[in-house]
file target_34.txt (compact mmCIF, C-alpha atoms)
# COMPACT_ATOMS: atom_id res chain seq x y z
CA MET Q 30 -34.82 -60.80 -42.87
CA ARG Q 31 -36.27 -57.47 -41.59
CA ARG Q 32 -33.26 -57.00 -39.36
CA ASN Q 33 -30.91 -57.56 -42.27
CA GLY Q 34 -32.84 -54.97 -44.26
CA ASN Q 35 -32.22 -52.26 -41.61
CA SER Q 36 -28.59 -53.03 -40.94
CA GLY Q 37 -27.37 -50.35 -43.38
CA GLN Q 38 -29.39 -47.65 -41.60
CA ILE Q 39 -28.07 -48.81 -38.23
CA LEU Q 40 -24.58 -48.53 -39.65
CA LEU Q 41 -25.28 -44.95 -40.69
CA ILE Q 42 -26.76 -44.05 -37.31
CA ALA Q 43 -23.73 -45.58 -35.60
CA ALA Q 44 -21.47 -43.53 -37.87
CA PHE Q 45 -23.37 -40.34 -36.93
CA ILE Q 46 -23.06 -41.19 -33.22
CA MET Q 47 -19.35 -41.84 -33.58
CA ALA Q 48 -18.88 -38.58 -35.48
CA SER Q 49 -20.71 -36.54 -32.88
CA LEU Q 50 -18.72 -38.22 -30.09
CA LEU Q 51 -15.49 -37.41 -31.90
CA LEU Q 52 -16.46 -33.77 -32.40
CA SER Q 53 -17.73 -33.27 -28.85
CA ALA Q 54 -14.53 -34.81 -27.44
CA GLN Q 55 -12.51 -32.41 -29.57
CA LEU Q 56 -14.59 -29.45 -28.34
CA TYR Q 57 -14.16 -30.54 -24.73
CA ILE Q 58 -10.37 -30.73 -25.12
CA LEU Q 59 -10.39 -27.23 -26.60
CA GLU Q 60 -12.45 -25.78 -23.72
CA VAL Q 61 -10.33 -27.49 -21.05
CA GLY Q 62 -7.23 -26.10 -22.74
CA LYS Q 63 -8.70 -22.60 -22.64
CA ILE Q 64 -9.42 -22.81 -18.90
CA SER Q 65 -5.96 -24.06 -18.04
CA GLY Q 66 -4.55 -21.22 -20.15
CA ASP Q 67 -6.28 -18.68 -17.91
CA THR Q 68 -4.44 -19.95 -14.85
CA ASN Q 69 -1.26 -17.91 -14.68
CA SER Q 70 0.61 -17.89 -11.44
CA ASP Q 71 3.39 -15.74 -12.94
CA ALA Q 72 0.92 -12.93 -13.61
CA LEU Q 73 -0.35 -13.19 -10.05
CA ASN Q 74 3.18 -13.05 -8.62
CA ASP Q 75 3.99 -10.07 -10.81
CA PHE Q 76 0.86 -8.28 -9.60
CA LEU Q 77 1.76 -8.95 -5.96
CA LEU Q 78 5.30 -7.72 -6.57
CA SER Q 79 4.09 -4.56 -8.29
CA VAL Q 80 1.84 -3.78 -5.30
CA LYS Q 81 4.73 -4.38 -2.90
CA LEU Q 82 7.01 -2.11 -4.92
CA GLY Q 83 4.29 0.53 -5.07
CA SER Q 84 3.78 0.37 -1.30
CA ARG Q 85 7.50 0.98 -0.86
CA HIS Q 86 7.42 3.95 -3.25
CA VAL Q 87 4.46 5.44 -1.38
CA ILE Q 88 6.39 5.20 1.90
CA ILE Q 89 9.52 6.73 0.34
CA GLY Q 90 7.51 9.64 -1.13
CA SER Q 91 5.65 10.17 2.13
CA LEU Q 92 8.87 10.13 4.17
CA ALA Q 93 10.44 12.61 1.73
CA ASN Q 94 7.44 14.84 2.30
CA ILE Q 95 7.46 14.50 6.11
CA SER Q 96 11.23 14.91 6.50
CA ASN Q 97 11.09 18.06 4.38
CA GLY Q 98 8.54 19.67 6.69
CA GLY Q 99 5.28 17.94 5.76
CA THR Q 100 2.73 16.76 8.29
CA ARG Q 101 3.05 13.24 9.74
CA ASN Q 102 -0.45 12.17 8.76
CA ILE Q 103 0.53 12.31 5.07
CA LEU Q 104 1.91 8.77 5.35
CA GLU Q 105 -1.40 7.31 6.49
CA GLN Q 106 -3.32 9.39 3.96
CA ASN Q 107 -1.12 8.30 1.05
CA LEU Q 108 -1.22 4.64 2.06
CA ARG Q 109 -5.00 4.72 2.39
CA GLU Q 110 -5.34 6.21 -1.08
CA TRP Q 111 -2.88 3.64 -2.46
CA THR Q 112 -4.71 0.66 -0.98
CA GLU Q 113 -8.03 1.99 -2.29
CA PHE Q 114 -6.49 2.45 -5.73
CA ILE Q 115 -5.04 -1.04 -6.01
CA GLY Q 116 -8.24 -2.56 -4.62
CA SER Q 117 -9.92 -1.64 -7.88
CA GLN Q 118 -7.11 -2.76 -10.16
CA TYR Q 119 -7.26 -6.56 -9.87
CA LEU Q 120 -9.76 -7.92 -12.36
CA HIS Q 121 -9.78 -11.61 -11.45
CA GLY Q 122 -11.19 -11.49 -7.92
CA LYS Q 123 -11.36 -9.60 -4.65
CA ASN Q 124 -8.23 -7.70 -3.80
CA THR Q 125 -7.71 -6.23 -0.34
CA VAL Q 126 -4.65 -4.54 1.13
CA ASN Q 127 -4.57 -3.48 4.76
CA PHE Q 128 -1.75 -1.60 6.40
CA THR Q 129 -0.67 -0.85 9.95
CA LEU Q 130 1.66 1.99 10.80
CA GLU Q 131 4.42 1.15 13.27
CA GLU Q 132 3.73 2.57 16.72
CA THR Q 133 6.48 0.87 18.69
CA THR Q 134 9.00 3.33 20.16
CA PRO Q 135 10.79 5.21 18.62
CA TYR Q 136 8.15 5.21 15.85
CA SER Q 137 5.04 7.29 16.03
CA SER Q 138 2.36 7.09 13.31
CA GLY Q 139 4.82 5.00 11.31
CA THR Q 140 7.58 7.60 11.26
CA TRP Q 141 10.74 8.27 13.25
CA LEU Q 142 12.71 11.45 12.81
CA SER Q 143 15.75 11.80 15.07
CA TRP Q 144 18.17 14.54 14.17
CA GLY Q 145 20.33 14.47 17.25
CA THR Q 146 23.48 16.22 18.41
CA ASN Q 147 25.48 13.04 18.86
CA GLY Q 148 26.58 12.79 15.24
CA TYR Q 149 23.70 10.53 14.23
CA GLY Q 150 20.57 11.49 12.37
CA VAL Q 151 17.79 9.27 11.11
CA SER Q 152 14.61 9.67 9.07
CA SER Q 153 12.57 6.51 8.94
CA ALA Q 154 9.11 5.19 8.09
CA TYR Q 155 7.74 1.74 8.80
CA ALA Q 156 4.48 -0.03 7.95
CA ASP Q 157 3.14 -3.58 7.91
CA PHE Q 158 0.96 -4.78 5.04
CA ALA Q 159 -1.50 -7.64 4.67
CA HIS Q 160 -2.43 -8.34 1.05
CA SER Q 161 -5.29 -10.71 0.34
CA LEU Q 162 -6.38 -11.93 -3.09
CA ALA Q 163 -9.45 -14.10 -3.45
CA GLY Q 164 -10.34 -15.21 -6.96
CA ARG Q 165 -11.93 -18.07 -8.87
CA GLU Q 166 -8.68 -20.00 -9.04
CA THR Q 167 -6.49 -18.49 -6.35
CA ASN Q 168 -6.51 -17.43 -2.75
CA VAL Q 169 -3.39 -15.64 -1.62
CA ASP Q 170 -2.59 -14.03 1.72
CA LEU Q 171 0.67 -12.15 1.78
CA ALA Q 172 2.08 -10.25 4.76
CA TYR Q 173 5.12 -8.04 4.51
CA SER Q 174 6.76 -5.05 6.15
CA VAL Q 175 8.31 -2.02 4.52
CA ASN Q 176 10.98 -0.07 6.35
CA VAL Q 177 12.53 2.96 4.68
CA THR Q 178 15.40 4.52 6.62
CA THR Q 179 17.88 7.18 5.70
CA ALA Q 180 20.64 7.61 8.28
CA LEU Q 181 23.51 10.05 8.53
CA LEU Q 182 26.67 9.61 10.60
CA ILE Q 183 29.07 12.49 11.03
CA ALA Q 184 32.36 13.04 12.85
CA SER Q 185 34.44 16.20 12.90
CA VAL Q 186 37.88 17.31 14.04
CA ASN Q 187 39.48 20.76 13.92
CA ARG Q 188 42.93 22.12 14.54
CA ARG Q 189 44.21 25.58 15.22
CA LEU Q 190 45.88 27.30 12.26
CA ASN Q 191 46.45 30.65 13.96
CA GLU Q 192 44.79 32.94 16.50
CA THR Q 193 41.69 33.43 14.36
CA ALA Q 194 41.48 30.43 12.04
CA ARG Q 195 40.82 26.71 12.37
CA GLN Q 196 41.04 23.88 9.86
CA VAL Q 197 37.88 21.76 10.08
CA ASN Q 198 37.53 18.25 8.66
CA LEU Q 199 34.15 16.57 8.59
CA THR Q 200 33.44 12.95 7.63
CA MET Q 201 29.91 11.99 6.66
CA ASN Q 202 28.35 8.61 5.95
CA VAL Q 203 24.96 8.36 4.26
CA LEU Q 204 23.02 5.11 4.63
CA ASN Q 205 19.79 3.80 3.11
CA GLU Q 206 18.40 0.82 5.04
CA ALA Q 207 21.85 0.45 6.66
CA TYR Q 208 23.59 0.24 3.26
CA PRO Q 209 25.85 2.98 1.91
CA ALA Q 210 23.93 5.41 -0.29
CA LEU Q 211 24.55 8.53 -2.31
CA ALA Q 212 23.40 12.00 -1.39
CA LYS Q 213 21.70 14.39 -3.78
CA GLN Q 214 22.49 17.48 -1.72
CA ILE Q 215 24.80 18.14 1.24
CA THR Q 216 24.94 21.39 3.19
CA VAL Q 217 27.53 21.84 5.94
CA TYR Q 218 27.14 24.32 8.78
CA TYR Q 219 29.45 25.30 11.65
CA ARG Q 220 28.57 27.30 14.72
CA VAL Q 221 30.67 30.11 16.06
CA SER Q 222 29.52 32.01 19.15
CA GLY Q 223 25.94 30.76 18.74
CA THR Q 224 25.69 31.68 15.05
CA TRP Q 225 25.40 29.07 12.31
CA LEU Q 226 27.59 29.74 9.27
CA ILE Q 227 27.88 27.97 5.91
CA PRO Q 228 31.46 27.52 4.66
CA ASP Q 229 31.99 28.57 1.03
CA PHE Q 230 34.87 29.02 -1.41
CA ALA Q 231 36.18 31.92 0.73
CA ASN Q 232 36.77 29.31 3.44
CA GLY Q 233 38.48 26.98 0.99
CA TYR Q 234 35.54 24.61 1.24
CA THR Q 235 36.00 21.27 -0.51
CA LEU Q 236 33.75 18.24 -0.53
CA GLN Q 237 35.21 14.90 -1.51
CA ASP Q 238 32.85 12.14 -2.65
CA TYR Q 239 34.24 8.64 -2.25
CA GLY Q 240 31.32 7.16 -4.20
CA ASN Q 241 30.40 4.73 -1.44
CA GLY Q 242 28.26 6.97 0.71
CA THR Q 243 31.28 8.53 2.40
CA TYR Q 244 31.91 12.25 2.00
CA VAL Q 245 34.68 14.34 3.52
CA ALA Q 246 34.33 18.12 3.81
CA SER Q 247 37.24 20.40 4.65
CA PHE Q 248 37.27 24.14 5.24
CA THR Q 249 38.95 26.89 7.18
CA ALA Q 250 36.77 28.50 9.79
CA ILE Q 251 37.61 32.10 10.62
CA ALA Q 252 37.07 31.70 14.31
CA PRO Q 253 39.17 31.03 17.39
CA LEU Q 254 36.82 28.22 18.48
CA ILE Q 255 34.25 25.94 16.78
CA ASP Q 256 31.24 25.01 18.91
CA GLU Q 257 29.44 22.54 16.74
CA VAL Q 258 29.03 21.34 13.16
CA SER Q 259 25.81 20.36 11.42
CA VAL Q 260 25.21 18.51 8.17
CA HIS Q 261 21.92 18.58 6.25
CA VAL Q 262 21.54 15.89 3.60
CA ILE Q 263 18.92 15.06 1.01
CA ASP Q 264 19.47 11.55 -0.31
CA CYS Q 265 18.77 10.36 -3.86
CA ARG Q 266 15.20 9.46 -2.85
CA GLY Q 267 14.52 13.02 -1.69
CA ILE Q 268 14.53 12.11 2.01
CA TYR Q 269 15.96 14.77 4.27
CA VAL Q 270 18.12 13.99 7.30
CA GLN Q 271 20.40 16.05 9.46
CA ALA Q 272 22.93 15.41 12.21
CA ASN Q 273 24.83 17.67 14.57
CA ALA Q 274 28.09 16.91 16.34
CA THR Q 275 30.75 18.59 18.41
CA SER Q 276 33.93 19.18 16.45
CA THR Q 277 36.81 17.67 18.42
CA GLU Q 278 39.88 19.84 18.76
CA ILE Q 279 43.14 18.08 17.87
CA MET K 27 -33.31 -57.87 -56.30
CA PHE K 28 -30.38 -59.32 -54.49
CA ASP K 29 -28.02 -57.15 -56.54
CA GLN K 30 -30.00 -53.97 -55.72
CA LYS K 31 -29.82 -54.71 -51.98
CA GLY K 32 -26.10 -55.21 -52.26
CA GLN K 33 -25.69 -51.89 -54.03
CA ILE K 34 -27.71 -50.09 -51.37
CA ARG K 35 -25.54 -51.70 -48.65
CA ILE K 36 -22.43 -50.53 -50.47
CA ILE K 37 -23.87 -46.98 -50.76
CA GLU K 38 -24.83 -47.01 -47.07
CA SER K 39 -21.37 -48.21 -46.09
CA PHE K 40 -19.80 -45.47 -48.18
CA LEU K 41 -22.10 -42.93 -46.56
CA ALA K 42 -21.11 -44.18 -43.09
CA ILE K 43 -17.43 -43.96 -44.01
CA ALA K 44 -18.03 -40.46 -45.42
CA VAL K 45 -19.69 -39.34 -42.16
CA ILE K 46 -16.81 -40.64 -40.02
CA PHE K 47 -14.24 -39.24 -42.42
CA SER K 48 -15.88 -35.79 -42.42
CA ALA K 49 -15.98 -35.79 -38.61
CA VAL K 50 -12.27 -36.56 -38.50
CA LEU K 51 -11.60 -33.85 -41.08
CA ILE K 52 -13.66 -31.28 -39.16
CA SER K 53 -11.87 -32.12 -35.92
CA PHE K 54 -8.53 -31.56 -37.67
CA THR K 55 -9.65 -28.21 -39.04
CA PHE K 56 -10.78 -26.97 -35.58
CA PRO K 57 -8.88 -23.86 -34.56
CA SER K 58 -5.83 -25.12 -32.78
CA LEU K 59 -5.32 -24.15 -29.13
CA PRO K 60 -3.72 -20.76 -28.76
CA ASP K 61 -0.11 -21.12 -27.66
CA PHE K 62 -0.62 -20.07 -24.05
CA SER K 63 2.97 -20.82 -23.08
CA LYS K 64 4.15 -18.32 -25.69
CA GLN K 65 1.62 -15.75 -24.46
CA LYS K 66 2.62 -16.37 -20.84
CA THR K 67 6.27 -15.84 -21.73
CA LEU K 68 5.42 -12.60 -23.48
CA ALA K 69 3.28 -11.37 -20.57
CA SER K 70 6.03 -12.34 -18.15
CA LEU K 71 8.62 -10.45 -20.22
CA GLY K 72 6.41 -7.37 -20.16
CA SER K 73 5.80 -7.57 -16.42
CA GLN K 74 9.47 -8.14 -15.68
CA ALA K 75 10.45 -5.14 -17.83
CA LEU K 76 8.03 -2.91 -15.92
CA ILE K 77 9.15 -4.32 -12.56
CA LYS K 78 12.81 -3.65 -13.43
CA LEU K 79 11.98 -0.06 -14.36
CA ASP K 80 9.87 0.36 -11.24
CA THR K 81 12.36 -1.11 -8.74
CA ASN K 82 14.33 2.11 -8.34
CA GLY K 83 11.40 4.41 -9.06
CA THR K 84 12.39 5.18 -12.66
CA LEU K 85 9.00 4.16 -14.07
CA GLY K 86 7.08 6.54 -11.78
CA ASN K 87 9.55 9.36 -12.39
CA LEU K 88 9.32 9.08 -16.18
CA ILE K 89 5.52 9.09 -16.02
CA LEU K 90 5.55 12.02 -13.62
CA GLN K 91 7.82 13.96 -15.96
CA ARG K 92 5.66 12.92 -18.93
CA ASP K 93 8.89 11.80 -20.59
CA TRP K 94 7.34 9.34 -23.03
CA THR K 95 10.39 9.19 -25.29
CA SER K 96 12.63 8.02 -22.45
CA LEU K 97 9.96 5.57 -21.30
CA LYS K 98 9.76 4.07 -24.79
CA THR K 99 13.58 3.85 -24.96
CA ALA K 100 13.76 2.23 -21.53
CA LEU K 101 11.17 -0.40 -22.53
CA ASP K 102 12.96 -0.99 -25.82
CA ILE K 103 16.12 -1.78 -23.84
CA GLN K 104 14.34 -4.05 -21.37
CA LEU K 105 12.35 -6.07 -23.90
CA PRO K 106 14.01 -8.53 -26.27
CA ILE K 107 14.32 -7.84 -29.99
CA GLY K 108 11.26 -9.04 -31.83
CA VAL K 109 8.76 -7.86 -29.24
CA SER K 110 6.43 -5.04 -30.16
CA PHE K 111 4.67 -3.05 -27.48
CA ASN K 112 2.13 -0.34 -26.95
CA LEU K 113 1.92 1.30 -23.54
CA THR K 114 -0.94 3.35 -22.10
CA VAL K 115 -0.83 5.03 -18.70
CA PHE K 116 -4.03 5.76 -16.78
CA ASP K 117 -4.40 7.99 -13.74
CA GLU K 118 -6.53 7.32 -10.66
CA ALA K 119 -9.64 8.52 -12.49
CA ASP K 120 -8.94 6.07 -15.35
CA ASN K 121 -8.02 8.83 -17.79
CA ALA K 122 -5.22 8.14 -20.25
CA VAL K 123 -2.19 10.19 -19.23
CA ASN K 124 0.17 9.75 -22.17
CA SER K 125 -0.51 12.45 -24.70
CA GLU K 126 1.46 10.59 -27.35
CA VAL K 127 1.58 6.96 -28.40
CA VAL K 128 4.25 4.98 -26.57
CA GLN K 129 4.98 2.09 -28.92
CA ASN K 130 7.85 0.72 -30.96
CA SER K 131 5.74 -0.61 -33.83
CA ASN K 132 2.14 -1.10 -34.84
CA LEU K 133 0.39 -4.05 -33.21
CA LEU K 134 -2.43 -4.24 -35.76
CA GLY K 135 -3.03 -7.78 -36.91
CA GLN K 136 -0.74 -9.27 -34.26
CA GLU K 137 -1.67 -11.75 -31.54
CA VAL K 138 -1.54 -9.34 -28.60
CA VAL K 139 -1.04 -10.04 -24.89
CA SER K 140 -2.03 -7.38 -22.37
CA VAL K 141 -0.27 -6.77 -19.05
CA GLN K 142 -1.79 -4.63 -16.31
CA TYR K 143 0.60 -2.96 -13.86
CA VAL K 144 0.08 -0.61 -10.91
CA CYS K 145 2.66 1.99 -10.05
CA ALA K 146 3.21 4.71 -7.44
CA THR K 147 5.67 7.59 -7.67
CA ARG K 148 8.33 8.40 -5.11
CA SER K 149 7.61 12.10 -5.29
CA GLN K 150 6.62 14.09 -2.21
CA ALA K 151 3.13 14.40 -3.68
CA VAL K 152 2.62 10.70 -4.35
CA GLU K 153 0.67 9.81 -7.50
CA PHE K 154 -0.71 6.46 -8.63
CA PHE K 155 -0.96 5.09 -12.14
CA ALA K 156 -2.30 1.98 -13.84
CA ILE K 157 -0.25 0.90 -16.82
CA ARG K 158 -1.51 -1.26 -19.67
CA LEU K 159 1.26 -2.79 -21.74
CA GLN K 160 0.24 -4.63 -24.89
CA LEU K 161 2.84 -6.93 -26.39
CA ALA K 162 3.20 -9.08 -29.48
CA TRP K 163 5.92 -11.16 -31.11
CA THR K 164 6.89 -9.76 -34.46
CA GLY K 165 10.06 -11.71 -35.04

call {"tool": "encode", "arguments": {"input": "target_34.txt", "output": "structure tokens"}}
result
Amino acid sequence: MRRNGNSGQILLIAAFIMASLLLSAQLYILEVGKISGDTNSDALNDFLLSVKLGSRHVIIGSLANISNGGTRNILEQNLREWTEFIGSQYLHGKNTVNFTLEETTPYSSGTWLSWGTNGYGVSSAYADFAHSLAGRETNVDLAYSVNVTTALLIASVNRRLNETARQVNLTMNVLNEAYPALAKQITVYYRVSGTWLIPDFANGYTLQDYGNGTYVASFTAIAPLIDEVSVHVIDCRGIYVQANATSTEI
Amino acid sequence: MFDQKGQIRIIESFLAIAVIFSAVLISFTFPSLPDFSKQKTLASLGSQALIKLDTNGTLGNLILQRDWTSLKTALDIQLPIGVSFNLTVFDEADNAVNSEVVQNSNLLGQEVVSVQYVCATRSQAVEFFAIRLQLAWTG
């Protein structure tokens, strides 16, 4: 009889328990949804890619500086500053980037400048990177290398026009990472009796751009003999390279 | 007496039903989960736009030249129609670099996603920047 008298209250208590269970389950689902929303592998990949791109830009800028007369230690200095900068930019965990400059011959302190007399010139920089991200939800270790190389290939022929003049043709190929690339500035020199001269409109100088990294320069040298030709190029990234070659008489 | 007990039972039953019903109603009126997939897509679009601009060094060059108009135009081209953005560039000392607002429309009142991007210039004197791109769907 007593039990029957309390059954309505038990029903109410049971209803309250059910209601609170329902609401807490709903809250739990909401919280779990929020946590899974934070996990974003795309954002992580994009961050890693942006760092990799930035590392490449730093090497390009440093090589442009070094090849235009800057000191070689600028590469290491710039990379150190870059890695320190990005170390503070990742907000979801510990972010460390280490770099090693290439020291294997022909590289020294990560750079290789070879502006030879055999018709081939190269300006190159090389570094290895180890990027480590340690966060609440991710641990990533990424290793990659960045090699930036601007190369120049030249070949020249000349033929006698008369006693004091020669027609000189010069073919140049500009390469970025072994692929044809465009030049921002090309200066051609030729050497007569130990003196370097720059051909101009008085020499009928023409420069033909084939649009695929190949350039052909033609001019008339007022000289009975041509010793050597030299080409100085600045590519579209601002990297300087030069090559010298003997002009073959035909 | 018997009738009174019955009425109380009925009232208690109604109360129990009311409690359960209110709980169900409250759970329905809970703020729905934010659409993370939509936000992720937006963040991804923003990141990809910046990566495309940065691949050939354009992003760094435009910042270096303080050419905010061209930067806004470039982002407008990269991002799909219906996406609003607001871009702020910070230097190494965390100071805002852009002297003018780089945005295509006002983001006030919109559900905004923020993308953080790091960038280095290709110039001989290399500079570093942190870019914050805020995006929202307006379409």

call {"tool": "residues_around", "arguments": {"input": "target_34.txt", "residues": "K:Leu90", "least_positions_apart": "6", "cutoff": "9 Å", "atoms": "all atoms listed in the file", "output": "PyMOL selection string"}}
result
chain K and resi 147+149+153

call {"tool": "residues_near_point", "arguments": {"input": "target_34.txt", "point": "(-24.7, -50.1, -43.4)", "cutoff": "7 Å", "atoms": "all atoms listed in the file", "output": "ChimeraX atom specification"}}
result
/Q:36-41 /K:35,38-39,42

call {"tool": "residues_around", "arguments": {"input": "target_34.txt", "residues": "K:Asp117", "least_positions_apart": "3", "cutoff": "6 Å", "atoms": "only C-alpha atoms", "output": "ChimeraX atom specification"}}
result
/K:120-121,155

call {"tool": "interface_residues", "arguments": {"input": "target_34.txt", "of": "chain K", "to": "chain Q", "cutoff": "7 Å", "atoms": "only C-alpha atoms", "output": "short mmCIF file (atom, residue, chain, number, x, y, z; two decimals) with C-alpha atoms, keeping the file's coordinate frame"}}
result
data_model
loop_
_atom_site.label_atom_id
_atom_site.label_comp_id
_atom_site.auth_asym_id
_atom_site.auth_seq_id
_atom_site.Cartn_x
_atom_site.Cartn_y
_atom_site.Cartn_z
CA ARG K 35 -25.54 -51.70 -48.65
CA GLU K 38 -24.83 -47.01 -47.07
CA SER K 39 -21.37 -48.21 -46.09
CA LEU K 41 -22.10 -42.93 -46.56
CA ALA K 42 -21.11 -44.18 -43.09
CA VAL K 45 -19.69 -39.34 -42.16
CA ILE K 46 -16.81 -40.64 -40.02
CA ALA K 49 -15.98 -35.79 -38.61
CA SER K 53 -11.87 -32.12 -35.92
CA LEU K 59 -5.32 -24.15 -29.13
CA PHE K 62 -0.62 -20.07 -24.05
CA SER K 70 6.03 -12.34 -18.15
CA SER K 73 5.80 -7.57 -16.42
CA ILE K 77 9.15 -4.32 -12.56
CA THR K 81 12.36 -1.11 -8.74
CA GLU K 118 -6.53 7.32 -10.66
CA TYR K 143 0.60 -2.96 -13.86
CA VAL K 144 0.08 -0.61 -10.91
CA CYS K 145 2.66 1.99 -10.05
CA ALA K 146 3.21 4.71 -7.44
CA THR K 147 5.67 7.59 -7.67
CA ARG K 148 8.33 8.40 -5.11
CA SER K 149 7.61 12.10 -5.29
CA GLN K 150 6.62 14.09 -2.21
CA ALA K 151 3.13 14.40 -3.68
CA VAL K 152 2.62 10.70 -4.35
#

call {"tool": "residues_around", "arguments": {"input": "target_34.txt", "residues": "K:Ala69", "least_positions_apart": "4", "cutoff": "12 Å", "atoms": "only C-alpha atoms", "output": "PDB file with C-alpha atoms, in the frame of the given file"}}
result
ATOM      1  CA  ASN Q  69      -1.260 -17.910 -14.680  1.00  0.00           C
ATOM      2  CA  SER Q  70       0.610 -17.890 -11.440  1.00  0.00           C
ATOM      3  CA  ASP Q  71       3.390 -15.740 -12.940  1.00  0.00           C
ATOM      4  CA  ALA Q  72       0.920 -12.930 -13.610  1.00  0.00           C
ATOM      5  CA  LEU Q  73      -0.350 -13.190 -10.050  1.00  0.00           C
ATOM      6  CA  ASP Q  75       3.990 -10.070 -10.810  1.00  0.00           C
ATOM      7  CA  PHE Q  76       0.860  -8.280  -9.600  1.00  0.00           C
TER       8      PHE Q  76
ATOM      9  CA  PHE K  62      -0.620 -20.070 -24.050  1.00  0.00           C
ATOM     10  CA  SER K  63       2.970 -20.820 -23.080  1.00  0.00           C
ATOM     11  CA  LYS K  64       4.150 -18.320 -25.690  1.00  0.00           C
ATOM     12  CA  GLN K  65       1.620 -15.750 -24.460  1.00  0.00           C
ATOM     13  CA  SER K  73       5.800  -7.570 -16.420  1.00  0.00           C
ATOM     14  CA  GLN K  74       9.470  -8.140 -15.680  1.00  0.00           C
ATOM     15  CA  ALA K  75      10.450  -5.140 -17.830  1.00  0.00           C
ATOM     16  CA  LEU K  76       8.030  -2.910 -15.920  1.00  0.00           C
ATOM     17  CA  LEU K 105      12.350  -6.070 -23.900  1.00  0.00           C
ATOM     18  CA  VAL K 109       8.760  -7.860 -29.240  1.00  0.00           C
ATOM     19  CA  SER K 110       6.430  -5.040 -30.160  1.00  0.00           C
ATOM     20  CA  PHE K 111       4.670  -3.050 -27.480  1.00  0.00           C
ATOM     21  CA  VAL K 138      -1.540  -9.340 -28.600  1.00  0.00           C
ATOM     22  CA  VAL K 139      -1.040 -10.040 -24.890  1.00  0.00           C
ATOM     23  CA  SER K 140      -2.030  -7.380 -22.370  1.00  0.00           C
ATOM     24  CA  VAL K 141      -0.270  -6.770 -19.050  1.00  0.00           C
ATOM     25  CA  GLN K 142      -1.790  -4.630 -16.310  1.00  0.00           C
ATOM     26  CA  TYR K 143       0.600  -2.960 -13.860  1.00  0.00           C
ATOM     27  CA  ARG K 158      -1.510  -1.260 -19.670  1.00  0.00           C
ATOM     28  CA  LEU K 159       1.260  -2.790 -21.740  1.00  0.00           C
ATOM     29  CA  GLN K 160       0.240  -4.630 -24.890  1.00  0.00           C
ATOM     30  CA  LEU K 161       2.840  -6.930 -26.390  1.00  0.00           C
ATOM     31  CA  ALA K 162       3.200  -9.080 -29.480  1.00  0.00           C
ATOM     32  CA  TRP K 163       5.920 -11.160 -31.110  1.00  0.00           C
TER      33      TRP K 163
END
